[in-house]
Amino acid sequence: MNTDDREIVSAIRAQLADRIGKDRCEVWFGAATQLSVRGTTLVVTVANQFFQDWLRTHFRKDLEAAALAACGKPLVPEFRIAAGEAPSTVTANGAIATAAAKGEPNNVSPAPLVPSSGSTVSSNGSLVPSGGCTAAIARRRRFSSLDTFVIGNSNCLAHKAAQMAAEEPGRYSPLLVHGPTGTGKTHLLEGICNAFRKARPRGAQVLLSAEQFTSYFLEALHGSGMPSFRRKYRDLELLVIDDVQFFTNKKATLVELLHTIDSFLGARRQLVFATDRAPAALKSLGPELMARLSGGMVCRLESAEYPTRLGIVRQHARDLDLSVPEEVESYIASHFTTQSRELAGALKKLQAASLAHARPISLALAEEVLSELIDHHDRVVKLVDIEKAVCDVFGIDSKSLQSSGKTRTVCHPRMLAMWLARKHTRAGLSEIGSYFGRRSHSTVISAQKKIESWMSDTSPLKLACGSLSLEETI
């Protein structure tokens with residue numbers, strides 16, 4: 001293609017983007033679609049039969065108008081499939097399954113995104129985008145596998161439930177996995193999708209966040225149409241939604257989600273949800289949704305204990321093809337105790353330092369390179385620190401939290417202090433109860449549940465500096 005032809009094609013693409021929108025143009029006329037001008041013909045070369053049929057049906061007139069505006073003369077679109085390309089389909093989760101057509105295993109998974117709500121899922125599990133598609137097809141990447149999930153006391157129940165959800169879909173539906181950040185929720189969700197796809201290659205499935213589900217629902221509600229949205233999600237065999245807490249105060253979306261859940265439960269198909277908090281803290285989602293979530297399998301993921309962290313370090317080292325001495329593995333697992341992502345980050349920093357300084361990975365190098373990160377993580381929080389911080393924020397006198405006072409101005413800060421003590425210290429229930437006014441361990445548990453139930457409450461707390469929500473206060 002000479003310079004003039006490139007300029008003509010660029011002008012046609014610009015006109016096309018103006019007509020159909022930049023997002024849709026990127027989806028259908030991106031790198032996978034080639035345009036060229038041959039005399040009075042506009043040749044449109046695509047990767048597979050699906051694209052050819054779709055562009056011919058839905059974009060012929062747009063191509064003709066764009067070519068006329070760009071060239072000043074009519075061009076006739078001619079649709080071709082690139083030589084050597086195997087037929088392919090687009091699955092419900094956005095993967096382009098060309099490998100299956102070639103008889104090759106398809107181990108590449110899509111990013112956890114789905115096309116917009118203007119798409120529908122056919123009975124055979126293929127995704128058929130509509131003319132209103134506004135989201136780019138997700139870039140393919142490898143999903144995590146249940147086989148690489150490091151199992152320990154903190155997560156063994158959740159891992160087994162994930163296996164059952166993939167192997168026996170519908171038997172334990174819905175599955176709700178909850179736990180703090182960095183405990184492996186995303187790994188489990190991707191692992192379920194991966195295992196389900198291997199067991200049922202033609203099974204329609206989608207993994208997305210609650211925010212994405214809400215956005216696609218609103219897009220369908222205000223434009224692209226609810227029937228296609230409902231077909232896309234209710235005809236799936238597996239629906240996985242992360243960050244369920246995002247649905248708080250999304251009344252219209254919650255109603256649609258409830259109907260979707262009922263559709264799945266009625267057909268004995270699999271639903272999987274994940275959230276960063278306990279079900280008790282999700283009451284703002286409404287009793288109907290809570291009843292449905294609680295009616296399935298609920299599993300908590302705890303922060304990983306040392307043997308599990310050590311296994312995670314070794315797993316990440318294998319993924320990075322990195323040779324790490326045992327004492328270095330132990331050093332990392334002992335000093336990074338909060339999130340599994342920290343373990344991966346420490347290994348990557350160590351690898352980069354080893355390459356940059358041309359030094360082999362050793363305990364001395366680890367101590368030198370990771371010292372700054374470890375100093376940050378090794379700061380020990382004590383009960384007296386929590387007491388001081390809570391008193392400062394709420395503007396109450398020192399030692400008030402240790403008093404026997406039961407007024408709201410003291411009681412609420414005390415409950416918050418107990419919750420923070422459980423979260424950020426290693427003190428036991430009895431020790432915490434004794435420190436904050438000689439209370440029993442059951443009082444500490446009650447305070448913890450109360451704070452978790454307040455997490456989704458938007459009513460402000462009165463502080464020394466004004467009013468803030470509970471999350472902002474924490």
# chains A, B, ... in the order shown; residues from 1 in each chain; ligands from 1
>>> residues_around(residues="A:Val76", least_positions_apart="3", cutoff="7 Å", atoms="only C-alpha atoms", output="compact mmCIF listing (two decimals) with N, CA and C atoms, in the first residue's frame")
# COMPACT_ATOMS: atom_id res chain seq x y z
N THR A 40 -12.21 0.97 -7.59
CA THR A 40 -13.49 1.43 -7.04
C THR A 40 -14.00 0.47 -5.95
N THR A 41 -13.10 -0.36 -5.45
CA THR A 41 -13.48 -1.36 -4.43
C THR A 41 -12.78 -1.06 -3.11
N LEU A 42 -13.52 -1.10 -2.02
CA LEU A 42 -12.96 -1.00 -0.68
C LEU A 42 -12.88 -2.42 -0.12
N GLU A 64 -19.79 2.45 3.07
CA GLU A 64 -20.02 3.17 1.82
C GLU A 64 -20.06 4.68 2.05
>>> residues_around(residues="A:Lys250", least_positions_apart="2", cutoff="12 Å", atoms="only C-alpha atoms", output="VMD selection string")
chain A and resid 210 to 211 213 to 215 217 to 218 244 to 248 252 to 257 284 to 286
>>> closest_atom_pairs(of="stretch 155-193 of chain A", to="stretch 337-356 of chain A", cutoff="12 Å", atoms="only C-alpha atoms", output="JSON lines")
{"residue": "A:Gly179", "atom": "CA", "partner": "A:Gln339", "partner_atom": "CA", "distance": 11.3}
{"residue": "A:Pro180", "atom": "CA", "partner": "A:Gln339", "partner_atom": "CA", "distance": 8.8}
{"residue": "A:Thr181", "atom": "CA", "partner": "A:Gln339", "partner_atom": "CA", "distance": 6.9}
{"residue": "A:Gly182", "atom": "CA", "partner": "A:Gln339", "partner_atom": "CA", "distance": 4.3}
{"residue": "A:Thr183", "atom": "CA", "partner": "A:Gln339", "partner_atom": "CA", "distance": 6.2}
{"residue": "A:Gly184", "atom": "CA", "partner": "A:Ser340", "partner_atom": "CA", "distance": 7.4}
{"residue": "A:Lys185", "atom": "CA", "partner": "A:Ser340", "partner_atom": "CA", "distance": 10.8}
{"residue": "A:Thr186", "atom": "CA", "partner": "A:Arg341", "partner_atom": "CA", "distance": 11.4}
{"residue": "A:His187", "atom": "CA", "partner": "A:Ser340", "partner_atom": "CA", "distance": 10.7}
>>> write_last_selection(atoms="N, CA, C and O atoms", output="JSON list (two decimals), in the first residue's frame")
[["chain", "number", "residue", "atom", "x", "y", "z"],
["A", 179, "GLY", "N", -13.60, -12.20, 52.04],
["A", 179, "GLY", "CA", -12.36, -12.08, 52.80],
["A", 179, "GLY", "C", -11.67, -10.79, 52.44],
["A", 179, "GLY", "O", -12.01, -10.13, 51.45],
["A", 180, "PRO", "N", -10.69, -10.38, 53.24],
["A", 180, "PRO", "CA", -9.98, -9.12, 52.97],
["A", 180, "PRO", "C", -9.16, -9.18, 51.70],
["A", 180, "PRO", "O", -8.96, -10.25, 51.10],
["A", 181, "THR", "N", -8.68, -8.02, 51.28],
["A", 181, "THR", "CA", -7.87, -7.93, 50.06],
["A", 181, "THR", "C", -6.61, -8.77, 50.17],
["A", 181, "THR", "O", -5.97, -8.82, 51.22],
["A", 182, "GLY", "N", -6.26, -9.44, 49.08],
["A", 182, "GLY", "CA", -5.01, -10.17, 49.03],
["A", 182, "GLY", "C", -5.08, -11.57, 49.59],
["A", 182, "GLY", "O", -4.03, -12.18, 49.86],
["A", 183, "THR", "N", -6.28, -12.13, 49.77],
["A", 183, "THR", "CA", -6.40, -13.48, 50.31],
["A", 183, "THR", "C", -6.68, -14.53, 49.23],
["A", 183, "THR", "O", -6.81, -15.71, 49.55],
["A", 184, "GLY", "N", -6.80, -14.11, 47.97],
["A", 184, "GLY", "CA", -6.92, -15.07, 46.89],
["A", 184, "GLY", "C", -8.30, -15.17, 46.26],
["A", 184, "GLY", "O", -8.58, -16.13, 45.53],
["A", 185, "LYS", "N", -9.17, -14.19, 46.49],
["A", 185, "LYS", "CA", -10.52, -14.26, 45.92],
["A", 185, "LYS", "C", -10.49, -14.26, 44.39],
["A", 185, "LYS", "O", -11.15, -15.09, 43.75],
["A", 186, "THR", "N", -9.74, -13.34, 43.81],
["A", 186, "THR", "CA", -9.67, -13.25, 42.36],
["A", 186, "THR", "C", -9.08, -14.53, 41.76],
["A", 186, "THR", "O", -9.55, -15.02, 40.71],
["A", 187, "HIS", "N", -8.07, -15.08, 42.42],
["A", 187, "HIS", "CA", -7.47, -16.34, 41.95],
["A", 187, "HIS", "C", -8.53, -17.44, 41.89],
["A", 187, "HIS", "O", -8.62, -18.19, 40.91]]
>>> atom_distance(atom1="atom CA of A:Glu7", atom2="atom CA of A:Ala47")
23.0 Å
>>> residues_around(residues="stretch 31-35 of chain A", least_positions_apart="3", cutoff="9 Å", atoms="only C-alpha atoms", output="PyMOL selection string")
chain A and resi 9+12-13+26-28+42-47+51
>>> select_by_dssp(residues="stretch 383-473 of chain A", states="helix (DSSP H, G or I)", output="PyMOL selection string")
chain A and resi 383-394+400-402+408-424+429-435+441-454+470-473
>>> write_last_selection(atoms="C-alpha atoms", output="compact mmCIF listing (two decimals), in the first residue's frame")
# COMPACT_ATOMS: atom_id res chain seq x y z
CA LEU A 383 -3.69 -1.60 71.96
CA VAL A 384 -2.48 1.70 73.41
CA ASP A 385 -1.86 2.99 69.86
CA ILE A 386 -5.42 2.17 68.84
CA GLU A 387 -6.79 3.75 72.01
CA LYS A 388 -4.89 6.98 71.34
CA ALA A 389 -5.89 7.14 67.67
CA VAL A 390 -9.60 6.58 68.39
CA CYS A 391 -9.60 9.14 71.20
CA ASP A 392 -7.91 11.72 68.94
CA VAL A 393 -10.38 11.19 66.10
CA PHE A 394 -13.50 11.22 68.27
CA SER A 400 -12.22 6.93 78.17
CA LEU A 401 -12.28 3.69 76.21
CA GLN A 402 -11.11 1.81 79.29
CA ARG A 408 -23.05 6.58 72.88
CA THR A 409 -20.13 9.02 72.78
CA VAL A 410 -17.97 6.41 74.53
CA CYS A 411 -19.65 3.14 73.58
CA HIS A 412 -19.41 3.58 69.80
CA PRO A 413 -15.71 4.58 69.79
CA ARG A 414 -15.00 1.65 72.12
CA MET A 415 -16.65 -0.82 69.72
CA LEU A 416 -14.63 0.64 66.86
CA ALA A 417 -11.45 0.35 68.93
CA MET A 418 -12.20 -3.33 69.61
CA TRP A 419 -12.78 -3.94 65.90
CA LEU A 420 -9.49 -2.23 65.02
CA ALA A 421 -7.70 -4.23 67.69
CA ARG A 422 -8.97 -7.47 66.19
CA LYS A 423 -7.92 -6.35 62.73
CA HIS A 424 -4.52 -4.78 63.40
CA LEU A 429 -10.34 -11.65 72.53
CA SER A 430 -9.90 -11.78 76.30
CA GLU A 431 -6.93 -9.40 76.20
CA ILE A 432 -8.84 -6.87 74.10
CA GLY A 433 -11.93 -7.12 76.31
CA SER A 434 -9.87 -6.70 79.46
CA TYR A 435 -8.04 -3.65 78.10
CA HIS A 441 -14.60 -11.89 74.96
CA SER A 442 -18.24 -12.19 73.85
CA THR A 443 -18.53 -8.39 74.10
CA VAL A 444 -15.57 -8.06 71.73
CA ILE A 445 -17.19 -10.46 69.26
CA SER A 446 -20.46 -8.53 69.50
CA ALA A 447 -18.63 -5.24 68.88
CA GLN A 448 -16.87 -6.73 65.85
CA LYS A 449 -20.17 -7.88 64.33
CA LYS A 450 -21.76 -4.51 65.04
CA ILE A 451 -19.00 -2.59 63.27
CA GLU A 452 -19.15 -4.96 60.28
CA SER A 453 -22.88 -4.37 60.04
CA TRP A 454 -22.21 -0.63 60.05
CA LEU A 470 -17.50 4.82 59.13
CA GLU A 471 -15.15 3.87 56.28
CA GLU A 472 -13.71 7.39 56.17
CA THR A 473 -13.31 7.34 59.93
>>> closest_residue(among="A:Gly152, A:Leu365, A:Phe29, A:Gly266", to="A:Glu305", atoms="only C-alpha atoms")
A:Gly152
